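Below is run_35.cif, which holds mmCIF, C-alpha atoms.
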```
data_my_file
#
loop_
_atom_site.label_atom_id
_atom_site.label_comp_id
_atom_site.auth_asym_id
_atom_site.auth_seq_id
_atom_site.Cartn_x
_atom_site.Cartn_y
_atom_site.Cartn_z
CA MET A 1 59.59 88.40 88.41
CA SER A 2 59.47 91.48 90.65
CA GLU A 3 56.37 92.50 92.56
CA VAL A 4 56.27 95.76 90.56
CA ARG A 5 56.22 93.84 87.25
CA VAL A 6 53.44 91.53 88.47
CA HIS A 7 51.41 94.54 89.61
CA GLU A 8 51.83 96.24 86.21
CA GLN A 9 50.69 93.12 84.35
CA SER A 10 47.67 92.78 86.63
CA GLU A 11 46.71 96.42 86.04
CA SER A 12 47.12 95.95 82.27
CA LEU A 13 44.85 92.90 82.31
CA ASP A 14 42.26 94.75 84.39
CA ARG A 15 42.24 97.65 81.91
CA LEU A 16 41.76 95.24 79.00
CA ILE A 17 38.88 93.50 80.78
CA GLN A 18 37.17 96.82 81.45
CA ALA A 19 37.60 97.84 77.79
CA LEU A 20 36.12 94.54 76.60
CA LYS A 21 33.15 95.03 78.93
CA LYS A 22 32.47 98.46 77.45
CA VAL A 23 32.40 96.98 73.94
CA ARG A 24 29.05 95.36 74.84
CA ILE A 25 27.30 98.75 75.04
CA GLY A 26 25.17 99.86 72.10
CA GLY A 27 25.54 97.73 68.99
CA GLY A 28 28.10 95.36 70.47
CA LEU A 29 31.33 94.21 68.81
CA THR A 30 31.87 96.62 65.90
CA GLU A 31 34.85 98.47 64.48
CA ALA A 32 33.39 101.72 65.80
CA ALA A 33 33.17 100.25 69.30
CA VAL A 34 36.76 98.94 69.44
CA ALA A 35 38.09 102.15 67.87
CA LYS A 36 37.18 103.88 71.16
CA ARG A 37 39.24 101.35 73.14
CA PRO A 38 43.00 101.79 72.61
CA GLU A 39 43.55 99.16 75.32
CA ILE A 40 42.43 96.73 72.58
CA THR A 41 43.54 98.26 69.28
CA ARG A 42 47.04 99.20 70.50
CA MET A 43 47.88 95.69 71.67
CA ALA A 44 51.01 94.31 69.99
CA VAL A 45 49.21 91.19 68.74
CA ILE A 46 46.56 93.35 67.03
CA LEU A 47 49.06 95.74 65.48
CA ASN A 48 51.30 92.92 64.26
CA GLU A 49 48.38 91.17 62.58
CA ALA A 50 47.13 94.41 61.05
CA ASP A 51 50.57 94.97 59.56
CA ARG A 52 50.83 91.37 58.32
CA LEU A 53 47.41 91.40 56.69
CA GLY A 54 47.35 95.01 55.49
CA ARG A 55 44.09 95.64 57.39
CA SER A 56 43.10 98.23 59.97
CA ALA A 57 43.67 97.50 63.64
CA GLU A 58 39.92 97.87 64.23
CA GLU A 59 39.02 95.27 61.58
CA VAL A 60 41.61 92.82 62.92
CA ALA A 61 40.48 93.37 66.53
CA VAL A 62 36.83 92.67 65.69
CA ALA A 63 37.67 89.55 63.68
CA MET A 64 40.05 88.23 66.33
CA LEU A 65 37.60 88.83 69.18
CA ARG A 66 34.82 87.19 67.16
CA ALA A 67 37.01 84.10 66.71
CA LEU A 68 37.86 84.00 70.43
CA VAL A 69 34.17 84.22 71.35
CA ARG A 70 33.40 81.31 69.01
CA GLN A 71 36.15 79.25 70.66
CA LEU A 72 35.23 80.24 74.21
CA GLU A 73 35.33 77.60 76.90
CA PRO A 74 33.62 76.70 79.16
CA ILE A 75 30.79 76.49 76.67
CA LYS A 76 28.10 77.50 79.21
CA PHE A 77 29.32 81.13 79.17
CA ARG A 78 29.64 81.42 75.38
CA PRO A 79 25.99 82.17 74.46
CA ALA A 80 25.81 85.10 76.90
CA LEU A 81 28.87 86.86 75.47
CA SER A 82 27.95 85.94 71.90
CA THR A 83 24.61 87.68 72.42
CA ALA A 84 26.08 90.67 74.27
CA TYR A 85 28.66 91.25 71.52
CA GLY A 86 26.20 90.47 68.73
CA VAL A 87 28.44 87.67 67.39
CA ASP A 88 26.31 85.36 65.23
CA TYR A 89 23.31 87.06 66.82
CA SER A 90 19.99 86.49 65.03
CA GLY A 91 17.58 88.42 67.26
CA PRO A 92 16.10 91.91 66.86
CA PRO A 93 18.61 94.78 66.55
CA GLY A 94 18.92 97.35 69.26
CA SER A 95 20.46 97.90 72.66
CA LEU A 96 22.40 95.55 74.89
CA MET A 97 19.32 95.26 77.12
CA ARG A 98 17.23 94.17 74.14
CA ARG A 99 19.79 91.54 73.14
CA ARG A 100 19.84 90.21 76.69
CA GLY A 101 16.05 90.03 76.67
CA PHE A 102 16.11 88.04 73.43
CA TYR A 103 18.68 85.63 74.88
CA SER A 104 16.54 85.14 77.99
CA SER A 105 13.43 84.51 75.88
CA THR A 106 15.17 81.86 73.75
CA GLY A 107 16.44 79.59 76.51
CA GLY A 108 18.97 81.72 78.38
CA PRO A 109 18.81 82.54 82.10
CA VAL A 110 15.78 84.57 83.17
CA ASP A 111 17.72 86.53 85.80
CA VAL A 112 19.64 89.43 84.20
CA SER A 113 22.28 89.32 86.95
CA THR A 114 23.09 85.73 85.96
CA ILE A 115 23.43 86.72 82.29
CA ILE A 116 25.78 89.58 83.23
CA ASP A 117 27.82 87.24 85.43
CA HIS A 118 28.19 84.81 82.50
CA GLU A 119 29.21 87.69 80.21
CA ASN A 120 31.83 88.94 82.69
CA ARG A 121 33.31 85.48 83.22
CA ALA A 122 33.50 85.00 79.47
CA ILE A 123 35.14 88.40 78.96
CA GLU A 124 37.82 87.59 81.54
CA THR A 125 38.61 84.38 79.66
CA VAL A 126 38.74 86.18 76.31
CA ALA A 127 41.02 88.87 77.75
CA ARG A 128 43.50 86.30 79.04
CA ARG A 129 43.50 84.39 75.74
CA LEU A 130 44.01 87.61 73.78
CA ARG A 131 47.04 88.51 75.91
CA GLN A 132 48.47 85.00 75.62
CA LEU A 133 48.10 84.63 71.84
CA ASP A 134 51.46 83.65 70.39
CA ASP A 135 51.01 82.02 66.98
CA VAL A 136 47.74 83.62 65.85
CA VAL A 137 47.40 81.57 62.66
CA ALA A 138 47.95 78.29 64.52
CA GLU A 139 45.50 79.17 67.30
CA LEU A 140 42.78 81.03 65.37
CA GLY A 141 43.25 79.79 61.81
CA ASP A 142 41.88 82.04 59.06
CA TYR A 143 39.91 84.17 61.51
CA LEU A 144 39.04 86.97 59.07
CA ASP A 145 35.61 86.29 57.57
CA PRO A 146 35.66 85.42 53.86
CA SER A 147 34.73 88.44 51.77
CA ALA A 148 35.17 87.75 48.07
CA HIS A 149 33.71 84.27 47.97
CA GLU A 150 30.01 83.73 47.41
CA LEU A 151 27.81 80.74 46.73
CA ILE A 152 24.80 80.60 44.47
CA PRO A 153 22.04 79.15 46.69
CA PRO A 154 19.89 76.36 45.24
CA ARG A 155 16.31 77.04 44.22
CA VAL A 156 13.87 75.91 46.92
CA LEU A 157 10.17 76.24 46.24
CA ALA A 158 8.81 75.90 49.78
CA PRO A 159 10.07 75.07 53.29
CA THR A 160 9.34 71.77 54.98
CA SER A 161 7.26 71.49 58.14
CA PRO A 162 8.54 70.58 61.64
CA ASP A 163 6.86 67.19 61.17
CA GLU A 164 9.50 66.07 58.68
CA PRO A 165 13.26 66.47 58.18
CA HIS A 166 14.18 69.87 56.79
CA ASN A 167 15.46 70.12 53.23
CA PRO A 168 19.21 70.97 53.53
CA ASP A 169 18.87 73.28 50.53
CA GLU A 170 16.61 75.58 52.58
CA PHE A 171 19.85 77.15 53.84
CA THR A 172 23.21 78.40 52.78
CA MET A 173 25.63 77.83 55.64
CA LEU A 174 27.73 80.99 55.88
CA HIS A 175 29.91 79.44 58.56
CA GLN A 176 29.77 76.09 60.31
CA GLU A 177 31.91 74.63 63.09
CA THR A 178 32.19 71.05 64.30
CA TRP A 179 34.26 70.34 67.43
CA TYR A 180 34.78 66.81 68.68
CA VAL A 181 35.93 66.42 72.29
CA LEU A 182 37.83 63.30 73.48
CA ASP A 183 38.41 62.20 77.07
CA ALA A 184 41.36 60.60 78.85
CA ASN A 185 40.25 57.19 77.54
CA ARG A 186 40.83 58.48 73.98
CA MET A 187 37.13 58.31 73.18
CA ALA A 188 34.80 61.06 71.95
CA THR A 189 32.33 62.21 74.61
CA HIS A 190 30.45 64.90 72.68
CA CYS A 191 30.46 67.06 69.59
CA LEU A 192 29.82 70.81 69.65
CA ASN A 193 28.17 72.19 66.52
CA SER A 194 27.50 75.79 65.52
CA ALA A 195 26.14 77.25 62.32
CA LEU A 196 25.34 80.67 60.92
CA ALA A 197 22.73 79.94 58.27
CA GLU A 198 20.98 82.13 55.72
CA ALA A 199 17.47 81.12 54.65
CA ASN A 200 17.06 80.47 50.93
CA VAL A 201 13.25 80.57 51.20
CA SER A 202 10.76 82.30 53.50
CA GLY A 203 9.05 80.29 56.22
CA VAL A 204 11.97 78.09 57.28
CA THR A 205 11.29 76.80 60.81
CA GLY A 206 14.40 74.80 61.64
CA VAL A 207 17.40 72.77 60.56
CA THR A 208 17.98 69.01 60.64
CA SER A 209 21.08 67.43 62.16
CA PRO A 210 22.22 63.86 61.34
CA HIS A 211 23.36 61.69 64.26
CA ILE A 212 27.04 61.60 63.32
CA ALA A 213 29.08 59.61 65.85
CA PRO A 214 32.52 57.93 65.87
CA PRO A 215 32.69 54.10 65.71
CA GLY A 216 31.41 52.33 68.81
CA THR A 217 29.27 55.28 69.95
CA HIS A 218 25.83 56.69 69.29
CA VAL A 219 24.13 60.03 69.94
CA ALA A 220 22.31 59.79 73.27
CA ARG A 221 20.78 63.26 73.31
CA TYR A 222 20.87 66.74 71.84
CA GLU A 223 21.35 69.91 73.86
CA VAL A 224 20.61 73.24 72.17
CA LEU A 225 22.51 76.09 73.83
CA ILE A 226 21.30 78.95 71.66
CA GLY A 227 19.05 79.53 68.67
CA GLY A 228 16.30 76.95 69.06
CA VAL A 229 14.89 73.87 70.79
CA VAL A 230 15.22 70.15 70.12
CA GLY A 231 12.47 68.92 67.80
CA ARG A 232 11.47 65.53 66.41
CA THR A 233 13.87 62.67 65.76
CA PHE A 234 13.42 60.55 62.64
CA GLN A 235 14.51 56.93 62.27
CA SER A 236 15.24 55.63 58.80
CA SER A 237 14.08 52.29 57.45
CA VAL A 238 17.43 52.01 55.66
CA PRO A 239 19.82 50.04 57.92
CA THR A 240 22.89 52.09 56.94
CA ALA A 241 21.19 55.48 57.38
CA VAL A 242 21.68 57.47 60.61
CA PRO A 243 18.80 59.00 62.60
CA LEU A 244 18.00 62.68 62.11
CA THR A 245 16.95 65.29 64.69
CA ASN A 246 15.27 68.62 64.00
CA ILE A 247 16.34 71.79 65.76
CA GLU A 248 13.41 74.21 65.64
CA PHE A 249 13.88 77.99 65.60
CA PRO A 250 11.98 80.44 67.84
CA ARG A 251 10.11 81.71 64.77
CA PRO A 252 10.07 81.16 60.97
CA LEU A 253 12.76 82.97 59.01
CA ARG A 254 12.33 85.25 56.04
CA LYS A 255 14.27 84.63 52.83
CA GLY A 256 17.75 86.10 53.25
CA GLU A 257 17.48 86.24 57.05
CA ARG A 258 20.38 84.83 59.04
CA HIS A 259 20.13 82.65 62.14
CA TYR A 260 22.73 81.21 64.53
CA VAL A 261 22.41 77.89 66.32
CA LEU A 262 24.73 76.26 68.85
CA TYR A 263 24.12 72.72 70.04
CA ILE A 264 25.84 69.64 71.47
CA MET A 265 25.50 65.99 70.52
CA HIS A 266 26.24 63.88 73.62
CA TYR A 267 27.61 60.39 72.97
CA VAL A 268 27.16 57.05 74.72
CA HIS A 269 29.79 54.35 74.17
CA ASP A 270 28.44 51.05 72.89
CA GLU A 271 31.87 49.51 73.26
CA ARG A 272 35.21 50.57 74.66
CA ARG A 273 37.48 51.47 71.76
CA GLU A 274 39.97 54.22 71.11
CA HIS A 275 39.06 56.68 68.40
CA HIS A 276 41.57 57.37 65.64
CA GLY A 277 39.72 59.80 63.42
CA ILE A 278 36.58 61.79 62.65
CA ALA A 279 34.92 63.05 59.47
CA VAL A 280 32.22 65.52 58.43
CA LYS A 281 30.27 65.93 55.20
CA PRO A 282 28.41 69.21 54.48
CA ALA A 283 24.66 68.68 54.09
CA SER A 284 23.90 72.21 52.85
CA PRO A 285 25.73 74.59 50.51
CA THR A 286 28.50 75.92 52.77
CA LEU A 287 30.72 78.99 52.46
CA SER A 288 33.21 78.14 55.20
CA ALA A 289 33.60 75.46 57.86
CA ARG A 290 35.94 74.63 60.69
CA LEU A 291 36.63 71.06 61.82
CA ARG A 292 38.29 70.73 65.22
CA VAL A 293 39.30 67.88 67.53
CA GLN A 294 40.00 68.62 71.20
CA PHE A 295 42.14 66.00 72.96
CA ASP A 296 42.43 65.41 76.69
CA PRO A 297 45.68 66.78 78.21
CA SER A 298 46.63 63.25 79.29
CA ALA A 299 46.19 61.72 75.81
CA THR A 300 48.49 63.11 73.13
CA PRO A 301 47.94 62.17 69.48
CA VAL A 302 50.72 61.73 66.91
CA GLN A 303 50.90 61.46 63.11
CA ILE A 304 47.93 63.79 62.68
CA ARG A 305 46.72 64.24 59.09
CA TRP A 306 43.69 65.64 57.31
CA PHE A 307 42.28 64.63 53.93
CA ALA A 308 39.23 64.77 51.69
CA ALA A 309 37.43 61.73 50.31
CA LEU A 310 34.21 60.59 48.75
CA ALA A 311 32.07 59.56 51.72
CA GLU A 312 31.52 56.03 50.41
CA HIS A 313 35.29 55.56 50.03
CA LEU A 314 36.35 56.53 53.57
CA PRO A 315 38.97 56.10 54.95
CA ALA A 316 40.67 56.15 51.53
CA ALA A 317 41.69 59.70 50.60
CA SER A 318 40.86 61.27 47.27
CA GLY A 319 44.24 63.00 47.21
CA ARG A 320 47.34 63.43 49.35
CA LYS A 321 46.95 63.38 53.11
CA GLN A 322 48.38 66.51 54.72
CA THR A 323 50.05 66.80 58.12
CA LEU A 324 48.40 68.87 60.86
CA THR A 325 50.23 70.34 63.86
CA LEU A 326 48.94 69.90 67.40
CA ASN A 327 48.19 73.35 68.83
CA LYS A 328 48.72 74.64 72.34
CA GLY A 329 45.73 73.45 74.30
CA ASN A 330 46.03 69.95 72.76
CA TYR A 331 43.74 70.43 69.77
CA VAL A 332 43.93 70.35 65.98
CA GLU A 333 41.69 72.02 63.44
CA ARG A 334 41.22 72.56 59.74
CA VAL A 335 39.42 75.47 58.06
CA LEU A 336 37.56 74.63 54.85
CA ARG A 337 36.53 77.13 52.18
CA SER A 338 33.42 76.21 50.16
CA PRO A 339 33.53 72.49 51.05
CA ARG A 340 31.73 70.24 48.57
CA GLN A 341 28.48 68.49 49.54
CA ASP A 342 29.60 65.25 47.87
CA THR A 343 32.88 65.13 49.81
CA ALA A 344 33.77 64.08 53.35
CA TYR A 345 36.56 65.89 55.21
CA ALA A 346 38.47 63.91 57.80
CA ILE A 347 41.18 64.21 60.46
CA GLU A 348 43.01 61.05 61.53
CA TRP A 349 45.70 60.34 64.11
CA ALA A 350 47.60 57.67 66.01
CA TRP A 351 48.32 57.52 69.74
CA GLU A 352 51.64 57.69 71.55
#
```

Since I need it in another form, could you write the structure as structure tokens?
Amino acid sequence: MSEVRVHEQSESLDRLIQALKKVRIGGGLTEAAVAKRPEITRMAVILNEADRLGRSAEEVAVAMLRALVRQLEPIKFRPALSTAYGVDYSGPPGSLMRRRGFYSSTGGPVDVSTIIDHENRAIETVARRLRQLDDVVAELGDYLDPSAHELIPPRVLAPTSPDEPHNPDEFTMLHQETWYVLDANRMATHCLNSALAEANVSGVTGVTSPHIAPPGTHVARYEVLIGGVVGRTFQSSVPTAVPLTNIEFPRPLRKGERHYVLYIMHYVHDERREHHGIAVKPASPTLSARLRVQFDPSATPVQIRWFAALAEHLPAASGRKQTLTLNKGNYVERVLRSPRQDTAYAIEWAWE
């Protein structure tokens, strides 16, 4: 490749990064904000998707950038950009400065220069991923938010207190993501969880997370990255029941108010054994969910399939098991629309 071509590509990337930085100003990531940035909306990947979906370039750009922010790695920079862009943001509306202040007051860095540095690093990563997107559906899944699908929330009379596990019906989960990460030894090391929840009753103070871990491991600790703090852990007297941990919000929510949480379950291995599958079961009424497994570059899975099953019947599938394709970046994922609370959703694989 000629030096001129390399220079042109570098300048193009720099212009995209600067445009993405300007999107933070004001209300954050909105169609109005990206409409002012042709460096974003005139990209071939945006225009091609807009044509394929019959949507505006601005709508596609916002949805695609939102998906890239939610997938952003390293994780430590994700909360800063999520707050700056207003993606799954649950704090007070207003300026970028106000959003940064809310992030700082809920566990983020106190120093504004550190927050800005995290935002800029995250934006550079997002810009490179946006330019490198090849198969958008394979890499981002159904990235446009569901619009015509609604759930009827259950009737909840009153919220529970932080001194007991929260009633899962206190929320409707608008979107939930569960990402398992495996190491070179083919064992899960941690699970990243995020949820955008809408309160079904006023006064909700937190959400409860079950200690879900693959065979031969247990949850050693919780780490909340955004949206709350780790609360009490509850042990069950039932031998087959898993422990539960509360994640408490900065303040009680009003009915209909939305709140975003992002947290990690860190695992400890009780025995050395390769993992061959994972499963999740929605605890609350859920509109959409994404289940993802990230494999180490040195450990490639084969014969990857996903299926649904009654939890008590795992690993037997309720229906046909369907093949999943390993994506660039060595991960697989499955997007679920209105998953049932009485059903477990699993991904299984073999090893080369």

Quick one: residues within 10 Å of region 270-273 of chain A, all atoms listed in the file, excluding same-chain residues fewer than 6 positions away - as a list of chain:residue names? A:Asn185, A:Arg186, A:Met187, A:Ala188, A:Pro215, A:Gly216, A:Thr217, A:His218

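Of the residues under consideration (A:Glu274, A:Asp117, A:Glu139, A:Glu11), A:Asp117 shows the shortest atom-to-atom contact distance to Ala84 (chain A) when counting only C-alpha atoms.
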
Carefully work through the PyMOL selection byres ((chain A and resi 252) around 7) for this structure and note down the residues it includes, as a list in words. Gly203, Val204, Thr205, Phe249, Arg251, Leu253 and Arg254 of chain A

Would you kindly return, as a ChimeraX atom specification, each protein, DNA or RNA residue with an atom no farther than 10 Å from any atom of Pro79 (chain A), considering only C-alpha atoms and excluding same-chain residues fewer than 5 positions away? /A:69-70,72,84-85,87-89,103,108,115,118-119,122,225-227,261-262

Can you tell me which residues surround Ala19 (chain A) at a distance of at most 8 Å, considering only C-alpha atoms, apart from same-chain residues fewer than 2 positions away, and format the answer as an NGL selection string? :A and (15-17 or 21-23 or 37 or 39-40)

Selection dump of the PyMOL selection byres ((chain A and resi 189) around 8), as an MDAnalysis selection string: chainID A and resid 180:183 187:188 190:191 266:268

Report the distance between CA of Val332 (chain A) and CA of Gln294 (chain A) in Å, rounded to one decimal place.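 Rounded to one decimal, the two atoms are 6.8 Å apart.
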
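For the residues A:Leu291, A:Leu96, A:Val45, A:Leu130, ranking by smallest atom-to-atom distance to Leu81 (chain A) using only C-alpha atoms places A:Leu96 first.
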
Repaired coordinates for region 56-77 of chain A (N, CA and C atoms) as a CSV table (one decimal), in the frame of the given file:
```csv
chain,number,residue,atom,x,y,z
A,56,SER,N,43.1,97.3,58.8
A,56,SER,CA,43.1,98.2,60.0
A,56,SER,C,43.1,97.5,61.3
A,57,ALA,N,43.6,98.1,62.3
A,57,ALA,CA,43.7,97.5,63.6
A,57,ALA,C,42.3,97.2,64.1
A,58,GLU,N,41.3,98.1,63.8
A,58,GLU,CA,39.9,97.9,64.2
A,58,GLU,C,39.3,96.6,63.6
A,59,GLU,N,39.6,96.4,62.3
A,59,GLU,CA,39.0,95.3,61.6
A,59,GLU,C,39.6,94.0,62.1
A,60,VAL,N,40.9,94.0,62.4
A,60,VAL,CA,41.6,92.8,62.9
A,60,VAL,C,41.1,92.5,64.3
A,61,ALA,N,40.9,93.6,65.2
A,61,ALA,CA,40.5,93.4,66.5
A,61,ALA,C,39.1,92.7,66.6
A,62,VAL,N,38.2,93.2,65.7
A,62,VAL,CA,36.8,92.7,65.7
A,62,VAL,C,36.9,91.2,65.3
A,63,ALA,N,37.6,90.9,64.2
A,63,ALA,CA,37.7,89.6,63.7
A,63,ALA,C,38.3,88.6,64.7
A,64,MET,N,39.4,89.1,65.4
A,64,MET,CA,40.0,88.2,66.3
A,64,MET,C,39.2,88.0,67.6
A,65,LEU,N,38.5,89.0,68.0
A,65,LEU,CA,37.6,88.8,69.2
A,65,LEU,C,36.4,87.9,68.8
A,66,ARG,N,35.9,88.1,67.6
A,66,ARG,CA,34.8,87.2,67.2
A,66,ARG,C,35.3,85.7,67.2
A,67,ALA,N,36.5,85.5,66.7
A,67,ALA,CA,37.0,84.1,66.7
A,67,ALA,C,37.2,83.6,68.1
A,68,LEU,N,37.7,84.4,69.0
A,68,LEU,CA,37.9,84.0,70.4
A,68,LEU,C,36.5,83.7,71.1
A,69,VAL,N,35.5,84.5,70.8
A,69,VAL,CA,34.2,84.2,71.4
A,69,VAL,C,33.7,82.9,70.9
A,70,ARG,N,33.9,82.6,69.6
A,70,ARG,CA,33.4,81.3,69.0
A,70,ARG,C,34.1,80.1,69.6
A,71,GLN,N,35.4,80.3,70.1
A,71,GLN,CA,36.2,79.2,70.7
A,71,GLN,C,36.0,79.2,72.2
A,72,LEU,N,35.3,80.1,72.8
A,72,LEU,CA,35.2,80.2,74.2
A,72,LEU,C,34.9,79.0,75.0
A,73,GLU,N,35.6,78.7,76.0
A,73,GLU,CA,35.3,77.6,76.9
A,73,GLU,C,35.5,78.1,78.3
A,74,PRO,N,34.7,77.7,79.3
A,74,PRO,CA,33.6,76.7,79.2
A,74,PRO,C,32.4,77.2,78.3
A,75,ILE,N,31.8,76.2,77.6
A,75,ILE,CA,30.8,76.5,76.7
A,75,ILE,C,29.6,77.2,77.3
A,76,LYS,N,29.3,77.0,78.6
A,76,LYS,CA,28.1,77.5,79.2
A,76,LYS,C,28.1,79.0,79.2
A,77,PHE,N,29.3,79.7,79.2
A,77,PHE,CA,29.3,81.1,79.2
A,77,PHE,C,29.3,81.7,77.8
```
